[in-house]
Every structure is written in structure tokens, then in C-alpha cells.
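Data from final-v2.pdb: PDB, C-alpha atoms
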```pdb
ATOM      1  CA  MET L   1      -5.805 -12.816  12.079  1.00  0.00           C
ATOM      2  CA  THR L   2      -6.322  -9.136  12.829  1.00  0.00           C
ATOM      3  CA  THR L   3      -6.078  -6.874   9.840  1.00  0.00           C
ATOM      4  CA  THR L   4      -5.175  -3.218  10.099  1.00  0.00           C
ATOM      5  CA  VAL L   5      -7.647  -1.223   8.050  1.00  0.00           C
ATOM      6  CA  GLU L   6      -7.590   2.497   7.397  1.00  0.00           C
ATOM      7  CA  ARG L   7     -10.314   4.708   6.001  1.00  0.00           C
ATOM      8  CA  GLY L   8      -9.808   7.713   3.779  1.00  0.00           C
ATOM      9  CA  GLU L   9     -11.549   9.887   1.264  1.00  0.00           C
ATOM     10  CA  LEU L  10     -10.850  10.556  -2.397  1.00  0.00           C
ATOM     11  CA  LEU L  11     -10.608  14.230  -3.311  1.00  0.00           C
ATOM     12  CA  TYR L  12     -12.393  13.965  -6.650  1.00  0.00           C
ATOM     13  CA  GLY L  13     -14.009  10.575  -6.293  1.00  0.00           C
ATOM     14  CA  LEU L  14     -14.267   7.616  -8.623  1.00  0.00           C
ATOM     15  CA  GLU L  15     -17.208   7.316 -10.977  1.00  0.00           C
ATOM     16  CA  TYR L  16     -18.674   3.850 -11.329  1.00  0.00           C
ATOM     17  CA  GLU L  17     -21.941   3.132 -13.127  1.00  0.00           C
ATOM     18  CA  GLY L  18     -22.959   6.790 -13.050  1.00  0.00           C
ATOM     19  CA  VAL L  19     -22.308   7.349  -9.318  1.00  0.00           C
ATOM     20  CA  VAL L  20     -19.244   9.120  -7.878  1.00  0.00           C
ATOM     21  CA  HIS L  21     -17.766   7.333  -4.843  1.00  0.00           C
ATOM     22  CA  TYR L  22     -15.439   8.995  -2.316  1.00  0.00           C
ATOM     23  CA  ASP L  23     -14.994   6.810   0.777  1.00  0.00           C
ATOM     24  CA  VAL L  24     -12.088   4.353   0.685  1.00  0.00           C
ATOM     25  CA  THR L  25     -11.218   1.494   3.024  1.00  0.00           C
ATOM     26  CA  MET L  26      -7.801  -0.122   2.598  1.00  0.00           C
ATOM     27  CA  ARG L  27      -5.861  -2.896   4.313  1.00  0.00           C
ATOM     28  CA  LEU L  28      -2.121  -3.499   4.475  1.00  0.00           C
ATOM     29  CA  ALA L  29      -0.774  -4.603   1.095  1.00  0.00           C
ATOM     30  CA  THR L  30       1.099  -7.902   1.303  1.00  0.00           C
ATOM     31  CA  ILE L  31       3.847  -9.621  -0.647  1.00  0.00           C
ATOM     32  CA  ALA L  32       1.098 -11.748  -2.221  1.00  0.00           C
ATOM     33  CA  ASP L  33      -0.556  -8.543  -3.460  1.00  0.00           C
ATOM     34  CA  ASN L  34       2.748  -7.441  -4.978  1.00  0.00           C
ATOM     35  CA  ILE L  35       3.267 -10.781  -6.739  1.00  0.00           C
ATOM     36  CA  ALA L  36      -0.312 -10.793  -8.037  1.00  0.00           C
ATOM     37  CA  ALA L  37       0.095  -7.192  -9.229  1.00  0.00           C
ATOM     38  CA  LEU L  38       3.201  -8.178 -11.190  1.00  0.00           C
ATOM     39  CA  GLU L  39       1.286 -11.090 -12.712  1.00  0.00           C
ATOM     40  CA  ASP L  40      -1.675  -8.822 -13.532  1.00  0.00           C
ATOM     41  CA  VAL L  41       0.176  -5.970 -15.229  1.00  0.00           C
ATOM     42  CA  GLY L  42       3.596  -7.426 -15.985  1.00  0.00           C
ATOM     43  CA  ALA L  43       6.641  -5.211 -15.796  1.00  0.00           C
ATOM     44  CA  LYS L  44       4.991  -2.232 -17.511  1.00  0.00           C
ATOM     45  CA  SER L  45       6.082   0.428 -15.050  1.00  0.00           C
ATOM     46  CA  GLY L  46       6.498   0.968 -11.352  1.00  0.00           C
ATOM     47  CA  ILE L  47       3.357   3.073 -11.155  1.00  0.00           C
ATOM     48  CA  SER L  48       1.255   0.398 -12.907  1.00  0.00           C
ATOM     49  CA  ILE L  49       2.473  -2.225 -10.444  1.00  0.00           C
ATOM     50  CA  THR L  50       1.796   0.085  -7.495  1.00  0.00           C
ATOM     51  CA  VAL L  51      -1.727   0.859  -8.714  1.00  0.00           C
ATOM     52  CA  ALA L  52      -2.417  -2.864  -9.207  1.00  0.00           C
ATOM     53  CA  MET L  53      -1.138  -3.583  -5.694  1.00  0.00           C
ATOM     54  CA  LEU L  54      -3.233  -0.766  -4.198  1.00  0.00           C
ATOM     55  CA  ALA L  55      -6.305  -2.036  -6.072  1.00  0.00           C
ATOM     56  CA  ARG L  56      -5.851  -5.411  -4.380  1.00  0.00           C
ATOM     57  CA  ALA L  57      -5.410  -3.786  -0.945  1.00  0.00           C
ATOM     58  CA  ILE L  58      -8.492  -1.578  -1.292  1.00  0.00           C
ATOM     59  CA  GLU L  59     -11.357  -3.219   0.546  1.00  0.00           C
ATOM     60  CA  SER L  60     -13.975  -0.748  -0.650  1.00  0.00           C
ATOM     61  CA  ILE L  61     -14.589   2.474  -2.512  1.00  0.00           C
ATOM     62  CA  GLY L  62     -18.089   3.617  -1.701  1.00  0.00           C
ATOM     63  CA  THR L  63     -20.492   0.895  -2.820  1.00  0.00           C
ATOM     64  CA  ILE L  64     -18.385  -0.318  -5.760  1.00  0.00           C
ATOM     65  CA  PRO L  65     -18.229  -4.134  -5.638  1.00  0.00           C
ATOM     66  CA  LYS L  66     -14.808  -5.381  -4.499  1.00  0.00           C
ATOM     67  CA  ARG L  67     -14.458  -7.524  -7.650  1.00  0.00           C
ATOM     68  CA  ALA L  68     -14.821  -4.353  -9.747  1.00  0.00           C
ATOM     69  CA  ILE L  69     -11.947  -2.521  -8.013  1.00  0.00           C
ATOM     70  CA  THR L  70      -9.123  -3.252 -10.423  1.00  0.00           C
ATOM     71  CA  ALA L  71      -5.981  -1.495 -11.542  1.00  0.00           C
ATOM     72  CA  GLU L  72      -7.716  -0.682 -14.828  1.00  0.00           C
ATOM     73  CA  LEU L  73     -10.663   0.956 -13.034  1.00  0.00           C
ATOM     74  CA  LEU L  74      -8.315   3.075 -10.912  1.00  0.00           C
ATOM     75  CA  ILE L  75      -6.060   4.015 -13.830  1.00  0.00           C
ATOM     76  CA  GLN L  76      -8.960   5.005 -16.073  1.00  0.00           C
ATOM     77  CA  GLY L  77     -11.203   6.585 -13.435  1.00  0.00           C
ATOM     78  CA  LEU L  78      -9.113   8.430 -10.855  1.00  0.00           C
ATOM     79  CA  ALA L  79      -7.629  11.912 -11.144  1.00  0.00           C
ATOM     80  CA  ASP L  80      -3.840  11.758 -11.010  1.00  0.00           C
ATOM     81  CA  GLU L  81      -3.740  13.505  -7.609  1.00  0.00           C
ATOM     82  CA  GLU L  82      -5.638  10.558  -6.101  1.00  0.00           C
ATOM     83  CA  PHE L  83      -2.596   8.283  -6.578  1.00  0.00           C
ATOM     84  CA  ASP L  84      -0.607  10.154  -3.927  1.00  0.00           C
ATOM     85  CA  GLY L  85      -3.565   9.994  -1.554  1.00  0.00           C
ATOM     86  CA  LEU L  86      -3.854   6.211  -1.919  1.00  0.00           C
ATOM     87  CA  VAL L  87      -0.102   5.771  -1.405  1.00  0.00           C
ATOM     88  CA  GLU L  88      -0.337   7.953   1.718  1.00  0.00           C
ATOM     89  CA  LEU L  89      -3.249   5.870   3.008  1.00  0.00           C
ATOM     90  CA  GLN L  90      -1.121   2.721   2.605  1.00  0.00           C
ATOM     91  CA  ALA L  91       1.760   4.484   4.412  1.00  0.00           C
ATOM     92  CA  ARG L  92      -0.551   5.283   7.361  1.00  0.00           C
ATOM     93  CA  ILE L  93      -1.498   1.607   7.583  1.00  0.00           C
ATOM     94  CA  LYS L  94       2.164   0.597   7.611  1.00  0.00           C
ATOM     95  CA  LYS L  95       2.912   3.165  10.300  1.00  0.00           C
ATOM     96  CA  LYS L  96       0.126   1.778  12.497  1.00  0.00           C
ATOM     97  CA  ARG L  97       1.450  -1.748  12.055  1.00  0.00           C
ATOM     98  CA  MET L  98       5.086  -0.852  12.690  1.00  0.00           C
ATOM     99  CA  ARG L  99       6.494  -2.184  15.922  1.00  0.00           C
ATOM    100  CA  SER L 100       7.657   0.541  18.203  1.00  0.00           C
ATOM    101  CA  LYS L 101      11.339   0.481  19.013  1.00  0.00           C
ATOM    102  CA  HIS L 102      11.982  -0.796  22.486  1.00  0.00           C
ATOM    103  CA  VAL L 103      15.007  -1.680  24.532  1.00  0.00           C
ATOM    104  CA  SER L 104      15.798  -5.362  25.000  1.00  0.00           C
ATOM    105  CA  PRO L 105      15.954  -6.241  28.714  1.00  0.00           C
ATOM    106  CA  ASP L 106      18.773  -8.731  28.021  1.00  0.00           C
ATOM    107  CA  THR L 107      21.177  -6.533  26.085  1.00  0.00           C
ATOM    108  CA  GLY L 108      20.070  -2.978  26.714  1.00  0.00           C
ATOM    109  CA  SER L 109      20.087  -2.378  22.973  1.00  0.00           C
ATOM    110  CA  SER L 110      17.101  -1.575  20.810  1.00  0.00           C
ATOM    111  CA  HIS L 111      15.749  -3.972  18.217  1.00  0.00           C
ATOM    112  CA  SER L 112      15.955  -3.001  14.572  1.00  0.00           C
ATOM    113  CA  SER L 113      13.758  -3.965  11.652  1.00  0.00           C
ATOM    114  CA  LEU L 114      14.828  -6.145   8.755  1.00  0.00           C
ATOM    115  CA  ALA L 115      14.615  -3.090   6.522  1.00  0.00           C
ATOM    116  CA  SER L 116      17.316  -1.336   8.489  1.00  0.00           C
ATOM    117  CA  THR L 117      19.713  -4.283   8.717  1.00  0.00           C
ATOM    118  CA  GLY L 118      22.277  -5.124   6.154  1.00  0.00           C
ATOM    119  CA  SER L 119      25.729  -6.512   5.864  1.00  0.00           C
ATOM    120  CA  ALA L 120      28.510  -4.212   6.904  1.00  0.00           C
ATOM    121  CA  LYS L 121      30.744  -3.150   4.063  1.00  0.00           C
ATOM    122  CA  THR L 122      34.394  -2.945   4.673  1.00  0.00           C
ATOM    123  CA  THR L 123      36.777  -0.888   2.642  1.00  0.00           C
ATOM    124  CA  SER L 124      40.333  -1.736   2.026  1.00  0.00           C
ATOM    125  CA  PRO L 125      43.036   0.883   2.290  1.00  0.00           C
ATOM    126  CA  ALA L 126      44.072   2.347  -1.033  1.00  0.00           C
TER
END
```
Structure re-expressed in C-alpha cells:
Amino acid sequence: MTTTVERGELLYGLEYEGVVHYDVTMRLATIADNIAALEDVGAKSGISITVAMLARAIESIGTIPKRAITAELLIQGLADEEFDGLVELQARIKKKRMRSKHVSPDTGSSHSSLASTGSAKTTSPA
């Protein structure tokens, strides 16, 4: 299985055992990461769940051991501006993985993603 990985840099870094680390490598967060994040932090808040999910998707931060990259480490050690940067890094990964829209040779119509499909709502006359 090929994994899309993106590299980025923390603005202020993350201190771990007396060393500040800046370089981040992240993979695409999965549904399994989301479920595990919910199990790890419970239903505390959306931001706690997101941080826990990002912690699982982060492959490396400098030379910090992967097992040490936890939601707690990120929450306690990162400047608040770093959260937006990590979310943006995840968004770049998703963008790279997104299938480009193309026209179906059979129908002439373009394919749409599951995210953009939904049941049509009908309204009744008043």
C-alpha cells in the first residue's frame, strides 16, 4: 500500500527532552485514527479529538520517538498557532490524494465524491 506523506515545519518547534524539534512528517489520517482518537480522549472536545487524530497521523517530529508523539505531548508542548499548521498539513495530504474530476466516457458526466452526494430533498407546496 502506498502512503501519501507530507513534510512540514513547526514555527516554534516542540521541545522534547531538552531539544526543540521542528521538522514534521505526516501521513493521511484514517477512520481508524479517528476511532482511536475518540477512544483515547473521549468526547472532551472537537479540538482534543483532532489533536489526538493528528498525533496518530504524525510519523515524525524531528528525532522524537514515534511512541512519544501523543495528543498529550502536542497539547502540552506546542504553541497554539501550531495547531492550524498541522491541520493545514493534513489538508495538503488530502488534496494530494483526492481524485481529480474526470468525465466518464460512457455517460459524458463527471464523477462526484461521496462527500458531495446526498439524497435530494423535495419540498411540498404550501
(request) With the file shown as input, list the residues that the PyMOL selection byres ((chain L and resi 29-38) around 6) selects, as a list in words. (result)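 With the PyMOL selection byres ((chain L and resi 29-38) around 6) on this model, the match is Leu28, Glu39, Asp40, Val41, Gly42, Ile49, Ala52, Met53 and Ala57 of chain L.
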(request) Can you work out the spacing between CA of Leu89 (chain L) and CA of Gly18 (chain L) in Å, to one decimal? (result) 25.4 Å
(request) Mind giving me the straight-line distance from CA of Ile58 (chain L) to CA of Lys44 (chain L) in Å, one decimal? (result)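 So the two atoms, CA of Ile58 (chain L) and CA of Lys44 (chain L), lie 21.1 Å apart.
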(message) Once the PyMOL selection byres ((chain L and resi 70) around 12) has been evaluated on this model, what residues remain selected, and can you format them as a ChimeraX atom specification?
(response) /L:16,36-37,40-41,48-61,64-69,71-78
(request) Could you state which residues are captured by the PyMOL selection byres ((chain L and resi 86) around 9) in this file, as a ChimeraX atom specification? (result) /L:8,10,24,26,51,54,82-85,87-91
(request) Take CA of Ala79 (chain L) and CA of Gly46 (chain L) and report the distance between them in Å, one decimal. (result) 17.9 Å
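Residue nearest Lys95 (chain L), chosen from L:Thr4, L:Leu11, L:Asp80, L:Thr25 and counting all atoms listed in the file: L:Thr4.
The residue that comes closest to Thr3 (chain L), out of L:Asp23, L:Ser100, L:Ile93, L:Glu17 and on the basis of only C-alpha atoms, is L:Ile93.
Checking L:Met98, L:Tyr12, L:Tyr22, L:Glu6 one by one against Thr63 (chain L), counting all atoms listed in the file, you find the shortest gap at L:Tyr22.
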Please produce region 52-76 of chain L, completed to N, CA and C atoms, as a compact mmCIF listing (two decimals), in the coordinates of the input.
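Wrote it out as rebuild.txt, contents follow:
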```
# COMPACT_ATOMS: atom_id res chain seq x y z
N ALA L 52 -1.85 -1.52 -9.27
CA ALA L 52 -2.42 -2.86 -9.21
C ALA L 52 -2.36 -3.40 -7.77
N MET L 53 -1.27 -3.13 -7.07
CA MET L 53 -1.14 -3.58 -5.69
C MET L 53 -2.13 -2.84 -4.80
N LEU L 54 -2.27 -1.54 -4.99
CA LEU L 54 -3.23 -0.77 -4.20
C LEU L 54 -4.66 -1.25 -4.46
N ALA L 55 -4.96 -1.55 -5.73
CA ALA L 55 -6.30 -2.04 -6.07
C ALA L 55 -6.63 -3.31 -5.29
N ARG L 56 -5.64 -4.17 -5.13
CA ARG L 56 -5.85 -5.41 -4.38
C ARG L 56 -6.02 -5.14 -2.89
N ALA L 57 -5.34 -4.11 -2.37
CA ALA L 57 -5.41 -3.79 -0.94
C ALA L 57 -6.65 -2.97 -0.58
N ILE L 58 -7.28 -2.35 -1.56
CA ILE L 58 -8.49 -1.58 -1.29
C ILE L 58 -9.64 -2.54 -1.01
N GLU L 59 -10.22 -2.39 0.16
CA GLU L 59 -11.36 -3.22 0.55
C GLU L 59 -12.65 -2.67 -0.02
N SER L 60 -12.76 -1.35 -0.09
CA SER L 60 -13.98 -0.75 -0.65
C SER L 60 -13.72 0.68 -1.10
N ILE L 61 -14.48 1.07 -2.10
CA ILE L 61 -14.59 2.47 -2.51
C ILE L 61 -16.09 2.70 -2.66
N GLY L 62 -16.64 3.42 -1.70
CA GLY L 62 -18.09 3.62 -1.70
C GLY L 62 -18.80 2.28 -1.74
N THR L 63 -19.74 2.15 -2.68
CA THR L 63 -20.49 0.90 -2.82
C THR L 63 -20.07 0.10 -4.05
N ILE L 64 -18.90 0.43 -4.61
CA ILE L 64 -18.39 -0.32 -5.76
C ILE L 64 -18.08 -1.75 -5.30
N PRO L 65 -18.54 -2.75 -6.03
CA PRO L 65 -18.23 -4.13 -5.64
C PRO L 65 -16.72 -4.37 -5.64
N LYS L 66 -16.24 -5.11 -4.64
CA LYS L 66 -14.81 -5.38 -4.50
C LYS L 66 -14.22 -5.96 -5.78
N ARG L 67 -14.95 -6.89 -6.43
CA ARG L 67 -14.46 -7.52 -7.65
C ARG L 67 -14.26 -6.51 -8.79
N ALA L 68 -14.93 -5.36 -8.70
CA ALA L 68 -14.82 -4.35 -9.75
C ALA L 68 -13.66 -3.39 -9.52
N ILE L 69 -13.06 -3.43 -8.33
CA ILE L 69 -11.95 -2.52 -8.01
C ILE L 69 -10.67 -3.14 -8.55
N THR L 70 -10.29 -2.72 -9.73
CA THR L 70 -9.12 -3.25 -10.42
C THR L 70 -8.16 -2.12 -10.74
N ALA L 71 -6.96 -2.50 -11.13
CA ALA L 71 -5.98 -1.50 -11.54
C ALA L 71 -6.53 -0.69 -12.72
N GLU L 72 -7.17 -1.37 -13.65
CA GLU L 72 -7.72 -0.68 -14.83
C GLU L 72 -8.76 0.36 -14.43
N LEU L 73 -9.65 0.01 -13.50
CA LEU L 73 -10.66 0.96 -13.03
C LEU L 73 -10.00 2.18 -12.41
N LEU L 74 -9.00 1.96 -11.57
CA LEU L 74 -8.32 3.08 -10.91
C LEU L 74 -7.56 3.93 -11.92
N ILE L 75 -6.86 3.28 -12.83
CA ILE L 75 -6.06 4.01 -13.83
C ILE L 75 -6.96 4.86 -14.73
N GLN L 76 -8.07 4.30 -15.15
CA GLN L 76 -8.96 5.00 -16.07
C GLN L 76 -9.88 6.01 -15.37
```
